[in-house]
>>> print(open('upload-v2.cif').read())   # mmCIF, N, CA and C atoms
data_protein
#
loop_
_atom_site.label_atom_id
_atom_site.label_comp_id
_atom_site.auth_asym_id
_atom_site.auth_seq_id
_atom_site.Cartn_x
_atom_site.Cartn_y
_atom_site.Cartn_z
N MET A 1097 -2.63 18.10 -40.81
CA MET A 1097 -1.75 18.92 -40.02
C MET A 1097 -2.46 20.23 -39.62
N ILE A 1098 -3.15 20.83 -40.59
CA ILE A 1098 -3.88 22.07 -40.31
C ILE A 1098 -4.96 21.81 -39.27
N ARG A 1099 -5.64 20.67 -39.43
CA ARG A 1099 -6.72 20.31 -38.51
C ARG A 1099 -6.19 20.19 -37.08
N ARG A 1100 -5.04 19.55 -36.90
CA ARG A 1100 -4.45 19.40 -35.56
C ARG A 1100 -4.07 20.77 -34.98
N PHE A 1101 -3.48 21.62 -35.81
CA PHE A 1101 -3.12 22.95 -35.36
C PHE A 1101 -4.35 23.72 -34.90
N LEU A 1102 -5.43 23.67 -35.69
CA LEU A 1102 -6.64 24.40 -35.33
C LEU A 1102 -7.23 23.89 -34.02
N HIS A 1103 -7.23 22.57 -33.84
CA HIS A 1103 -7.77 22.03 -32.59
C HIS A 1103 -6.89 22.40 -31.40
N LEU A 1104 -5.58 22.43 -31.59
CA LEU A 1104 -4.69 22.86 -30.52
C LEU A 1104 -4.96 24.33 -30.18
N TYR A 1105 -5.12 25.16 -31.20
CA TYR A 1105 -5.43 26.58 -30.99
C TYR A 1105 -6.75 26.73 -30.23
N TRP A 1106 -7.80 26.00 -30.69
CA TRP A 1106 -9.10 26.10 -30.03
C TRP A 1106 -9.03 25.60 -28.58
N ARG A 1107 -8.23 24.57 -28.35
CA ARG A 1107 -8.11 24.03 -27.01
C ARG A 1107 -7.47 25.05 -26.07
N MET A 1108 -6.47 25.78 -26.58
CA MET A 1108 -5.81 26.79 -25.76
C MET A 1108 -6.73 28.00 -25.55
N LYS A 1109 -7.48 28.35 -26.56
CA LYS A 1109 -8.33 29.54 -26.51
C LYS A 1109 -9.63 29.28 -25.74
N ARG A 1110 -10.16 28.08 -25.83
CA ARG A 1110 -11.45 27.75 -25.22
C ARG A 1110 -11.31 26.48 -24.37
N GLY A 1111 -12.05 26.43 -23.28
CA GLY A 1111 -12.03 25.23 -22.45
C GLY A 1111 -12.70 24.05 -23.11
N MET A 1112 -13.76 24.32 -23.86
CA MET A 1112 -14.50 23.26 -24.53
C MET A 1112 -14.91 23.80 -25.89
N THR A 1113 -14.84 22.95 -26.90
CA THR A 1113 -15.30 23.38 -28.22
C THR A 1113 -16.69 22.83 -28.47
N LEU A 1114 -17.50 23.65 -29.08
CA LEU A 1114 -18.86 23.27 -29.44
C LEU A 1114 -19.00 23.41 -30.94
N GLY A 1115 -19.60 22.40 -31.54
CA GLY A 1115 -19.83 22.43 -32.97
C GLY A 1115 -21.27 22.09 -33.30
N VAL A 1116 -21.60 22.31 -34.54
CA VAL A 1116 -22.95 22.02 -35.01
C VAL A 1116 -22.84 21.45 -36.42
N ARG A 1117 -23.69 20.48 -36.73
CA ARG A 1117 -23.77 19.90 -38.07
C ARG A 1117 -25.24 19.83 -38.47
N GLY A 1118 -25.47 19.91 -39.77
CA GLY A 1118 -26.84 19.85 -40.28
C GLY A 1118 -27.03 18.69 -41.22
N ILE A 1119 -28.08 17.93 -40.99
CA ILE A 1119 -28.53 16.90 -41.93
C ILE A 1119 -29.63 17.56 -42.74
N VAL A 1120 -29.26 18.09 -43.90
CA VAL A 1120 -30.18 18.84 -44.75
C VAL A 1120 -30.80 17.86 -45.75
N LEU A 1121 -32.09 17.60 -45.57
CA LEU A 1121 -32.78 16.60 -46.38
C LEU A 1121 -33.75 17.25 -47.35
N ARG A 1122 -33.66 16.80 -48.60
CA ARG A 1122 -34.56 17.27 -49.67
C ARG A 1122 -35.04 16.02 -50.39
N ASP A 1123 -36.34 15.77 -50.32
CA ASP A 1123 -36.90 14.54 -50.89
C ASP A 1123 -36.10 13.36 -50.35
N ASN A 1124 -35.42 12.62 -51.19
CA ASN A 1124 -34.63 11.47 -50.76
C ASN A 1124 -33.13 11.75 -50.92
N GLU A 1125 -32.75 13.03 -50.71
CA GLU A 1125 -31.37 13.45 -50.88
C GLU A 1125 -30.86 14.16 -49.63
N VAL A 1126 -29.53 14.18 -49.48
CA VAL A 1126 -28.88 14.86 -48.37
C VAL A 1126 -27.75 15.73 -48.90
N LEU A 1127 -27.56 16.88 -48.27
CA LEU A 1127 -26.47 17.78 -48.65
C LEU A 1127 -25.19 17.35 -47.93
N LEU A 1128 -24.12 17.15 -48.70
CA LEU A 1128 -22.80 16.83 -48.15
C LEU A 1128 -21.79 17.83 -48.68
N VAL A 1129 -20.72 18.03 -47.91
CA VAL A 1129 -19.66 18.94 -48.32
C VAL A 1129 -18.32 18.21 -48.32
N ARG A 1130 -17.45 18.66 -49.22
CA ARG A 1130 -16.08 18.15 -49.29
C ARG A 1130 -15.16 19.31 -48.98
N HIS A 1131 -14.38 19.15 -47.89
CA HIS A 1131 -13.48 20.21 -47.43
C HIS A 1131 -12.16 20.18 -48.18
N GLY A 1132 -11.46 21.30 -48.14
CA GLY A 1132 -10.15 21.39 -48.76
C GLY A 1132 -9.03 20.92 -47.85
N TYR A 1133 -9.34 20.71 -46.57
CA TYR A 1133 -8.29 20.39 -45.60
C TYR A 1133 -8.41 19.01 -44.96
N THR A 1134 -9.45 18.24 -45.30
CA THR A 1134 -9.60 16.89 -44.77
C THR A 1134 -10.35 16.05 -45.80
N PRO A 1135 -10.02 14.78 -45.93
CA PRO A 1135 -10.64 13.97 -46.98
C PRO A 1135 -12.08 13.56 -46.67
N GLY A 1136 -12.80 13.21 -47.72
CA GLY A 1136 -14.14 12.65 -47.59
C GLY A 1136 -15.25 13.67 -47.66
N TRP A 1137 -16.47 13.15 -47.73
CA TRP A 1137 -17.69 13.96 -47.73
C TRP A 1137 -18.26 13.97 -46.32
N HIS A 1138 -18.71 15.15 -45.88
CA HIS A 1138 -19.16 15.36 -44.50
C HIS A 1138 -20.51 16.08 -44.50
N LEU A 1139 -21.16 16.04 -43.35
CA LEU A 1139 -22.32 16.90 -43.13
C LEU A 1139 -21.81 18.33 -42.96
N PRO A 1140 -22.50 19.32 -43.50
CA PRO A 1140 -22.06 20.70 -43.33
C PRO A 1140 -22.18 21.14 -41.88
N GLY A 1141 -21.30 22.02 -41.48
CA GLY A 1141 -21.35 22.54 -40.12
C GLY A 1141 -20.06 23.20 -39.74
N GLY A 1142 -19.96 23.56 -38.46
CA GLY A 1142 -18.76 24.23 -37.98
C GLY A 1142 -18.89 24.57 -36.51
N GLY A 1143 -18.04 25.48 -36.06
CA GLY A 1143 -17.99 25.84 -34.66
C GLY A 1143 -19.09 26.80 -34.24
N VAL A 1144 -19.43 26.71 -32.97
CA VAL A 1144 -20.36 27.66 -32.36
C VAL A 1144 -19.50 28.71 -31.67
N GLU A 1145 -19.62 29.93 -32.11
CA GLU A 1145 -18.80 31.02 -31.59
C GLU A 1145 -19.41 31.59 -30.31
N PRO A 1146 -18.58 32.22 -29.47
CA PRO A 1146 -19.11 32.87 -28.26
C PRO A 1146 -20.22 33.85 -28.62
N GLY A 1147 -21.31 33.81 -27.87
CA GLY A 1147 -22.44 34.69 -28.11
C GLY A 1147 -23.42 34.18 -29.14
N GLU A 1148 -23.13 33.04 -29.74
CA GLU A 1148 -23.97 32.46 -30.78
C GLU A 1148 -24.75 31.26 -30.22
N THR A 1149 -26.00 31.12 -30.61
CA THR A 1149 -26.74 29.91 -30.25
C THR A 1149 -26.40 28.81 -31.24
N PHE A 1150 -26.76 27.58 -30.89
CA PHE A 1150 -26.52 26.47 -31.82
C PHE A 1150 -27.27 26.70 -33.13
N GLU A 1151 -28.51 27.15 -33.04
CA GLU A 1151 -29.30 27.35 -34.26
C GLU A 1151 -28.76 28.51 -35.10
N GLU A 1152 -28.25 29.54 -34.47
CA GLU A 1152 -27.63 30.63 -35.23
C GLU A 1152 -26.37 30.14 -35.95
N ALA A 1153 -25.56 29.35 -35.24
CA ALA A 1153 -24.36 28.79 -35.85
C ALA A 1153 -24.72 27.86 -37.00
N LEU A 1154 -25.75 27.05 -36.81
CA LEU A 1154 -26.19 26.14 -37.87
C LEU A 1154 -26.60 26.93 -39.11
N ALA A 1155 -27.44 27.94 -38.93
CA ALA A 1155 -27.90 28.76 -40.07
C ALA A 1155 -26.72 29.40 -40.78
N LYS A 1156 -25.78 29.95 -40.03
CA LYS A 1156 -24.61 30.60 -40.62
C LYS A 1156 -23.77 29.59 -41.41
N GLU A 1157 -23.49 28.43 -40.82
CA GLU A 1157 -22.64 27.43 -41.48
C GLU A 1157 -23.31 26.86 -42.72
N LEU A 1158 -24.62 26.62 -42.67
CA LEU A 1158 -25.31 26.08 -43.85
C LEU A 1158 -25.29 27.08 -45.00
N MET A 1159 -25.41 28.35 -44.68
CA MET A 1159 -25.34 29.37 -45.72
C MET A 1159 -23.93 29.46 -46.30
N GLU A 1160 -22.92 29.48 -45.41
CA GLU A 1160 -21.53 29.62 -45.86
C GLU A 1160 -21.05 28.39 -46.64
N GLU A 1161 -21.43 27.21 -46.20
CA GLU A 1161 -20.90 25.99 -46.81
C GLU A 1161 -21.76 25.43 -47.93
N GLY A 1162 -23.07 25.65 -47.87
CA GLY A 1162 -23.94 25.02 -48.85
C GLY A 1162 -24.92 25.91 -49.57
N ASN A 1163 -24.90 27.23 -49.25
CA ASN A 1163 -25.85 28.16 -49.85
C ASN A 1163 -27.29 27.76 -49.53
N VAL A 1164 -27.47 27.32 -48.29
CA VAL A 1164 -28.78 26.88 -47.80
C VAL A 1164 -29.26 27.87 -46.75
N ARG A 1165 -30.45 28.42 -46.96
CA ARG A 1165 -31.07 29.31 -45.98
C ARG A 1165 -32.17 28.56 -45.26
N VAL A 1166 -32.00 28.40 -43.96
CA VAL A 1166 -32.98 27.69 -43.14
C VAL A 1166 -34.24 28.55 -43.05
N THR A 1167 -35.41 27.95 -43.37
CA THR A 1167 -36.67 28.70 -43.35
C THR A 1167 -37.64 28.19 -42.29
N GLY A 1168 -37.32 27.09 -41.66
CA GLY A 1168 -38.18 26.54 -40.62
C GLY A 1168 -37.33 26.13 -39.43
N LYS A 1169 -37.98 25.66 -38.40
CA LYS A 1169 -37.27 25.27 -37.18
C LYS A 1169 -36.52 23.95 -37.40
N PRO A 1170 -35.18 23.96 -37.26
CA PRO A 1170 -34.45 22.70 -37.35
C PRO A 1170 -34.75 21.84 -36.11
N VAL A 1171 -34.66 20.54 -36.28
CA VAL A 1171 -34.95 19.60 -35.19
C VAL A 1171 -33.64 19.04 -34.67
N LEU A 1172 -33.43 19.18 -33.36
CA LEU A 1172 -32.22 18.62 -32.76
C LEU A 1172 -32.30 17.09 -32.81
N HIS A 1173 -31.31 16.49 -33.46
CA HIS A 1173 -31.23 15.03 -33.55
C HIS A 1173 -30.56 14.47 -32.30
N ALA A 1174 -29.36 14.95 -31.97
CA ALA A 1174 -28.62 14.45 -30.81
C ALA A 1174 -27.42 15.34 -30.53
N LEU A 1175 -26.86 15.14 -29.33
CA LEU A 1175 -25.61 15.78 -28.93
C LEU A 1175 -24.57 14.68 -28.79
N PHE A 1176 -23.38 14.94 -29.32
CA PHE A 1176 -22.32 13.93 -29.33
C PHE A 1176 -21.04 14.50 -28.74
N GLN A 1177 -20.28 13.65 -28.07
CA GLN A 1177 -18.90 13.99 -27.73
C GLN A 1177 -18.04 13.47 -28.88
N ASN A 1178 -17.21 14.34 -29.43
CA ASN A 1178 -16.36 13.96 -30.57
C ASN A 1178 -14.93 13.82 -30.09
N THR A 1179 -14.58 12.62 -29.62
CA THR A 1179 -13.22 12.40 -29.12
C THR A 1179 -12.21 12.26 -30.25
N ASN A 1180 -12.66 12.21 -31.50
CA ASN A 1180 -11.73 12.19 -32.63
C ASN A 1180 -10.95 13.50 -32.68
N ALA A 1181 -11.60 14.58 -32.30
CA ALA A 1181 -10.96 15.89 -32.34
C ALA A 1181 -10.28 16.20 -31.01
N SER A 1182 -11.00 15.98 -29.92
CA SER A 1182 -10.50 16.30 -28.58
C SER A 1182 -11.52 15.78 -27.58
N THR A 1183 -11.09 15.50 -26.36
CA THR A 1183 -12.04 15.06 -25.33
C THR A 1183 -12.95 16.21 -24.90
N ARG A 1184 -12.67 17.41 -25.39
CA ARG A 1184 -13.45 18.60 -25.03
C ARG A 1184 -14.41 19.02 -26.14
N ASP A 1185 -14.48 18.26 -27.22
CA ASP A 1185 -15.28 18.65 -28.39
C ASP A 1185 -16.66 18.02 -28.33
N HIS A 1186 -17.69 18.83 -28.51
CA HIS A 1186 -19.08 18.36 -28.50
C HIS A 1186 -19.79 18.92 -29.73
N VAL A 1187 -20.65 18.10 -30.33
CA VAL A 1187 -21.31 18.46 -31.57
C VAL A 1187 -22.82 18.25 -31.43
N ALA A 1188 -23.58 19.27 -31.80
CA ALA A 1188 -25.04 19.17 -31.88
C ALA A 1188 -25.39 18.92 -33.35
N VAL A 1189 -26.21 17.91 -33.59
CA VAL A 1189 -26.62 17.58 -34.95
C VAL A 1189 -28.11 17.87 -35.08
N TYR A 1190 -28.44 18.65 -36.10
CA TYR A 1190 -29.83 19.02 -36.37
C TYR A 1190 -30.27 18.45 -37.71
N VAL A 1191 -31.57 18.17 -37.81
CA VAL A 1191 -32.18 17.78 -39.08
C VAL A 1191 -32.90 19.00 -39.63
N VAL A 1192 -32.60 19.32 -40.88
CA VAL A 1192 -33.17 20.50 -41.53
C VAL A 1192 -33.96 20.04 -42.75
N ARG A 1193 -35.26 20.30 -42.73
CA ARG A 1193 -36.12 19.93 -43.86
C ARG A 1193 -36.76 21.15 -44.52
N ALA A 1194 -36.80 22.27 -43.81
CA ALA A 1194 -37.40 23.49 -44.35
C ALA A 1194 -36.27 24.48 -44.67
N PHE A 1195 -36.01 24.68 -45.96
CA PHE A 1195 -34.91 25.54 -46.37
C PHE A 1195 -35.08 25.96 -47.82
N GLU A 1196 -34.31 26.96 -48.21
CA GLU A 1196 -34.20 27.38 -49.60
C GLU A 1196 -32.77 27.14 -50.03
N TYR A 1197 -32.60 26.56 -51.20
CA TYR A 1197 -31.27 26.27 -51.74
C TYR A 1197 -30.96 27.26 -52.84
N GLY A 1198 -29.87 27.99 -52.69
CA GLY A 1198 -29.51 29.02 -53.65
C GLY A 1198 -28.61 28.55 -54.78
N GLY A 1199 -28.36 27.26 -54.88
CA GLY A 1199 -27.51 26.73 -55.94
C GLY A 1199 -26.08 26.56 -55.47
N PRO A 1200 -25.25 25.93 -56.31
CA PRO A 1200 -23.87 25.65 -55.92
C PRO A 1200 -23.05 26.93 -55.74
N LEU A 1201 -22.12 26.87 -54.79
CA LEU A 1201 -21.19 27.96 -54.55
C LEU A 1201 -19.88 27.69 -55.28
N ALA A 1202 -19.12 28.73 -55.52
CA ALA A 1202 -17.78 28.56 -56.10
C ALA A 1202 -16.89 27.86 -55.07
N PRO A 1203 -15.99 26.99 -55.51
CA PRO A 1203 -15.09 26.31 -54.58
C PRO A 1203 -14.20 27.31 -53.83
N SER A 1204 -13.90 26.97 -52.58
CA SER A 1204 -12.99 27.78 -51.76
C SER A 1204 -12.01 26.84 -51.08
N PHE A 1205 -11.04 27.38 -50.35
CA PHE A 1205 -10.11 26.52 -49.63
C PHE A 1205 -10.86 25.65 -48.63
N GLU A 1206 -11.81 26.25 -47.92
CA GLU A 1206 -12.54 25.49 -46.90
C GLU A 1206 -13.46 24.46 -47.53
N ILE A 1207 -14.30 24.88 -48.47
CA ILE A 1207 -15.29 23.99 -49.08
C ILE A 1207 -15.00 23.85 -50.57
N GLN A 1208 -14.53 22.68 -50.94
CA GLN A 1208 -14.23 22.41 -52.34
C GLN A 1208 -15.51 22.21 -53.14
N GLU A 1209 -16.51 21.58 -52.48
CA GLU A 1209 -17.76 21.27 -53.17
C GLU A 1209 -18.85 20.98 -52.15
N ALA A 1210 -20.07 21.38 -52.45
CA ALA A 1210 -21.26 21.05 -51.68
C ALA A 1210 -22.30 20.56 -52.67
N LYS A 1211 -22.90 19.42 -52.35
CA LYS A 1211 -23.77 18.79 -53.34
C LYS A 1211 -24.81 17.90 -52.65
N PHE A 1212 -26.00 17.82 -53.25
CA PHE A 1212 -27.02 16.90 -52.77
C PHE A 1212 -26.79 15.53 -53.41
N PHE A 1213 -26.89 14.49 -52.59
CA PHE A 1213 -26.74 13.11 -53.06
C PHE A 1213 -27.95 12.29 -52.65
N PRO A 1214 -28.38 11.34 -53.49
CA PRO A 1214 -29.43 10.42 -53.06
C PRO A 1214 -28.96 9.64 -51.84
N LEU A 1215 -29.84 9.45 -50.88
CA LEU A 1215 -29.48 8.72 -49.66
C LEU A 1215 -28.98 7.31 -49.97
N GLY A 1216 -29.48 6.70 -51.03
CA GLY A 1216 -29.06 5.35 -51.39
C GLY A 1216 -27.84 5.30 -52.28
N ALA A 1217 -27.24 6.45 -52.59
CA ALA A 1217 -26.08 6.48 -53.49
C ALA A 1217 -25.08 7.53 -53.02
N LEU A 1218 -24.64 7.41 -51.77
CA LEU A 1218 -23.65 8.34 -51.23
C LEU A 1218 -22.29 8.08 -51.88
N PRO A 1219 -21.45 9.10 -51.99
CA PRO A 1219 -20.11 8.88 -52.54
C PRO A 1219 -19.34 7.86 -51.70
N GLY A 1220 -18.46 7.10 -52.33
CA GLY A 1220 -17.70 6.07 -51.64
C GLY A 1220 -16.86 6.59 -50.50
N ASP A 1221 -16.40 7.84 -50.59
CA ASP A 1221 -15.57 8.39 -49.53
C ASP A 1221 -16.35 9.26 -48.53
N THR A 1222 -17.64 8.98 -48.41
CA THR A 1222 -18.43 9.62 -47.35
C THR A 1222 -17.92 9.07 -46.02
N THR A 1223 -17.67 9.95 -45.05
CA THR A 1223 -17.09 9.50 -43.78
C THR A 1223 -18.04 8.56 -43.04
N GLN A 1224 -17.45 7.70 -42.23
CA GLN A 1224 -18.24 6.75 -41.46
C GLN A 1224 -19.16 7.46 -40.47
N SER A 1225 -18.69 8.54 -39.85
CA SER A 1225 -19.55 9.27 -38.91
C SER A 1225 -20.74 9.89 -39.63
N THR A 1226 -20.53 10.37 -40.84
CA THR A 1226 -21.63 10.92 -41.62
C THR A 1226 -22.64 9.81 -41.95
N ARG A 1227 -22.15 8.66 -42.35
CA ARG A 1227 -23.03 7.52 -42.64
C ARG A 1227 -23.82 7.11 -41.40
N ARG A 1228 -23.16 7.11 -40.23
CA ARG A 1228 -23.86 6.73 -38.99
C ARG A 1228 -24.96 7.73 -38.66
N ARG A 1229 -24.67 9.03 -38.78
CA ARG A 1229 -25.69 10.04 -38.47
C ARG A 1229 -26.89 9.89 -39.41
N LEU A 1230 -26.63 9.64 -40.68
CA LEU A 1230 -27.73 9.47 -41.64
C LEU A 1230 -28.55 8.23 -41.32
N ALA A 1231 -27.90 7.14 -40.93
CA ALA A 1231 -28.63 5.91 -40.56
C ALA A 1231 -29.49 6.15 -39.33
N GLU A 1232 -28.99 6.93 -38.38
CA GLU A 1232 -29.77 7.23 -37.18
C GLU A 1232 -31.05 7.96 -37.54
N VAL A 1233 -30.96 8.89 -38.46
CA VAL A 1233 -32.11 9.72 -38.82
C VAL A 1233 -33.04 9.02 -39.79
N THR A 1234 -32.49 8.37 -40.82
CA THR A 1234 -33.35 7.82 -41.88
C THR A 1234 -33.72 6.36 -41.68
N GLU A 1235 -32.97 5.63 -40.84
CA GLU A 1235 -33.24 4.21 -40.63
C GLU A 1235 -33.53 3.88 -39.17
N ALA A 1236 -33.66 4.90 -38.34
CA ALA A 1236 -33.91 4.73 -36.89
C ALA A 1236 -32.86 3.85 -36.22
N ALA A 1237 -31.60 3.98 -36.65
CA ALA A 1237 -30.50 3.27 -36.00
C ALA A 1237 -30.28 3.85 -34.60
N ALA A 1238 -29.69 3.05 -33.73
CA ALA A 1238 -29.41 3.50 -32.36
C ALA A 1238 -28.51 4.73 -32.41
N VAL A 1239 -28.74 5.64 -31.46
CA VAL A 1239 -27.97 6.89 -31.38
C VAL A 1239 -27.01 6.78 -30.19
N PRO A 1240 -25.69 6.71 -30.47
CA PRO A 1240 -24.71 6.64 -29.39
C PRO A 1240 -24.44 8.04 -28.82
N GLN A 1241 -23.65 8.12 -27.76
CA GLN A 1241 -23.26 9.41 -27.21
C GLN A 1241 -21.97 9.92 -27.84
N GLN A 1242 -21.19 9.02 -28.42
CA GLN A 1242 -19.91 9.38 -29.04
C GLN A 1242 -20.10 9.59 -30.53
N TRP A 1243 -19.35 10.51 -31.09
CA TRP A 1243 -19.42 10.82 -32.51
C TRP A 1243 -19.05 9.59 -33.31
#
>>> encode(input="upload-v2.cif", output="structure tokens")
Amino acid sequence: MIRRFLHLYWRMKRGMTLGVRGIVLRDNEVLLVRHGYTPGWHLPGGGVEPGETFEEALAKELMEEGNVRVTGKPVLHALFQNTNASTRDHVAVYVVRAFEYGGPLAPSFEIQEAKFFPLGALPGDTTQSTRRRLAEVTEAAAVPQQW
């Protein structure tokens, strides 16, 4: 319900919403987050605010959600239209391999938990879109235009 309200608010406030997600890879592990307002494990990320670049938004969201400081140039994986949220929602997904991890953060309403998982042992409730993005990057699966 909160998610629908926020998307309605963003739709009224902005003509198009832009988001960013990070595939943060460490050895054979990936950083996933569990939100307080929607089920499952997701790639960390969030909205791109006016005046912010995609990479600035990515760096901010990774720090806020996962205590990850980007230290190298993230690589753009793909741009997606996310019709699950709205026909106006677009998401840039980056691969991040150069970073410093500051350890786990205390749980908050937004982020209940952020944790690295082995790529071969993701939690059972990892979202399908997260699994697809990981397969595209780590298994060279086809990259669609839709989220």
>>> resolve_selection(input="upload-v2.cif", expression="the PyMOL selection byres (((chain A and resi 1139-1155 and name CA) around 6) and name CA)", output="list in words")
Leu1114, Gly1115, Val1116, Arg1117, Gly1118, Leu1128, Val1129, His1138, Lys1156, Glu1157 and Leu1158 of chain A
>>> resolve_selection(input="upload-v2.cif", expression="the PyMOL selection byres ((chain A and resi 1184-1190) around 7)", output="list in words")
Gly1111, Met1112, Thr1113, Leu1114, Gly1115, Val1116, Arg1117, Gly1118, Ile1119, Val1120, Pro1170, Val1171, Leu1172, His1173, Ala1174, Leu1175, Phe1176, Gln1177, Asn1178, Thr1179, Ala1181, Ser1182, Thr1183, Val1191 and Val1192 of chain A
>>> atom_distance(input="upload-v2.cif", atom1="atom C of Ala1210 (chain A)", atom2="atom C of Thr1222 (chain A)")
14.0 Å
>>> atom_distance(input="upload-v2.cif", atom1="CA of Phe1205 (chain A)", atom2="CA of Gln1242 (chain A)")
28.5 Å
>>> decode(input="upload-v2.cif", residues="region 1102-1163 of chain A", atoms="C-alpha atoms", output="PDB file, in the first residue's frame")
ATOM      1  CA  LEU A1102       4.705   6.594  -3.202  1.00  0.00           C
ATOM      2  CA  HIS A1103       4.463   5.780  -6.897  1.00  0.00           C
ATOM      3  CA  LEU A1104       1.260   7.812  -7.196  1.00  0.00           C
ATOM      4  CA  TYR A1105       2.994  10.723  -5.444  1.00  0.00           C
ATOM      5  CA  TRP A1106       6.055  10.440  -7.723  1.00  0.00           C
ATOM      6  CA  ARG A1107       3.831  10.227 -10.790  1.00  0.00           C
ATOM      7  CA  MET A1108       2.044  13.450  -9.828  1.00  0.00           C
ATOM      8  CA  LYS A1109       5.272  15.228  -8.884  1.00  0.00           C
ATOM      9  CA  ARG A1110       7.410  14.017 -11.813  1.00  0.00           C
ATOM     10  CA  GLY A1111       6.612  13.144 -15.414  1.00  0.00           C
ATOM     11  CA  MET A1112       8.973  10.186 -15.387  1.00  0.00           C
ATOM     12  CA  THR A1113      10.698   8.403 -12.551  1.00  0.00           C
ATOM     13  CA  LEU A1114      14.316   7.374 -12.807  1.00  0.00           C
ATOM     14  CA  GLY A1115      15.923   4.820 -10.572  1.00  0.00           C
ATOM     15  CA  VAL A1116      19.265   3.175 -10.133  1.00  0.00           C
ATOM     16  CA  ARG A1117      20.299  -0.242  -8.792  1.00  0.00           C
ATOM     17  CA  GLY A1118      23.719  -1.659  -8.044  1.00  0.00           C
ATOM     18  CA  ILE A1119      24.995  -5.181  -8.536  1.00  0.00           C
ATOM     19  CA  VAL A1120      27.746  -5.047  -5.916  1.00  0.00           C
ATOM     20  CA  LEU A1121      30.045  -8.029  -6.437  1.00  0.00           C
ATOM     21  CA  ARG A1122      32.718  -9.229  -4.023  1.00  0.00           C
ATOM     22  CA  ASP A1123      34.551 -12.415  -5.004  1.00  0.00           C
ATOM     23  CA  ASN A1124      31.638 -14.789  -5.666  1.00  0.00           C
ATOM     24  CA  GLU A1125      29.111 -12.835  -3.573  1.00  0.00           C
ATOM     25  CA  VAL A1126      26.490 -10.147  -4.195  1.00  0.00           C
ATOM     26  CA  LEU A1127      25.030  -7.526  -1.856  1.00  0.00           C
ATOM     27  CA  LEU A1128      21.244  -7.769  -1.414  1.00  0.00           C
ATOM     28  CA  VAL A1129      18.876  -5.731   0.732  1.00  0.00           C
ATOM     29  CA  ARG A1130      15.584  -6.563   2.431  1.00  0.00           C
ATOM     30  CA  HIS A1131      13.181  -3.619   2.673  1.00  0.00           C
ATOM     31  CA  GLY A1132      10.710  -2.938   5.447  1.00  0.00           C
ATOM     32  CA  TYR A1133       7.906  -2.080   3.026  1.00  0.00           C
ATOM     33  CA  THR A1134       8.057  -4.824   0.355  1.00  0.00           C
ATOM     34  CA  PRO A1135       8.873  -8.535   0.569  1.00  0.00           C
ATOM     35  CA  GLY A1136      11.979 -10.308  -0.709  1.00  0.00           C
ATOM     36  CA  TRP A1137      15.648  -9.565  -1.249  1.00  0.00           C
ATOM     37  CA  HIS A1138      16.535  -6.903  -3.829  1.00  0.00           C
ATOM     38  CA  LEU A1139      19.510  -5.191  -5.393  1.00  0.00           C
ATOM     39  CA  PRO A1140      20.257  -1.984  -3.481  1.00  0.00           C
ATOM     40  CA  GLY A1141      19.219   1.255  -5.109  1.00  0.00           C
ATOM     41  CA  GLY A1142      16.669   4.014  -5.255  1.00  0.00           C
ATOM     42  CA  GLY A1143      15.488   7.111  -7.057  1.00  0.00           C
ATOM     43  CA  VAL A1144      17.557   9.598  -8.999  1.00  0.00           C
ATOM     44  CA  GLU A1145      16.725  13.035  -7.631  1.00  0.00           C
ATOM     45  CA  PRO A1146      16.614  16.241  -9.705  1.00  0.00           C
ATOM     46  CA  GLY A1147      20.137  17.584 -10.189  1.00  0.00           C
ATOM     47  CA  GLU A1148      21.704  14.192  -9.464  1.00  0.00           C
ATOM     48  CA  THR A1149      23.525  11.996 -11.974  1.00  0.00           C
ATOM     49  CA  PHE A1150      22.878   8.265 -12.089  1.00  0.00           C
ATOM     50  CA  GLU A1151      26.315   7.568 -10.633  1.00  0.00           C
ATOM     51  CA  GLU A1152      25.818  10.085  -7.824  1.00  0.00           C
ATOM     52  CA  ALA A1153      22.469   8.490  -6.976  1.00  0.00           C
ATOM     53  CA  LEU A1154      24.050   5.032  -7.088  1.00  0.00           C
ATOM     54  CA  ALA A1155      26.863   6.057  -4.712  1.00  0.00           C
ATOM     55  CA  LYS A1156      24.382   7.691  -2.313  1.00  0.00           C
ATOM     56  CA  GLU A1157      21.988   4.707  -2.296  1.00  0.00           C
ATOM     57  CA  LEU A1158      24.758   2.124  -1.839  1.00  0.00           C
ATOM     58  CA  MET A1159      26.089   4.047   1.143  1.00  0.00           C
ATOM     59  CA  GLU A1160      22.626   4.549   2.675  1.00  0.00           C
ATOM     60  CA  GLU A1161      21.383   1.003   2.111  1.00  0.00           C
ATOM     61  CA  GLY A1162      24.507  -1.129   2.332  1.00  0.00           C
ATOM     62  CA  ASN A1163      27.325   0.929   3.873  1.00  0.00           C
TER      63      ASN A1163
END
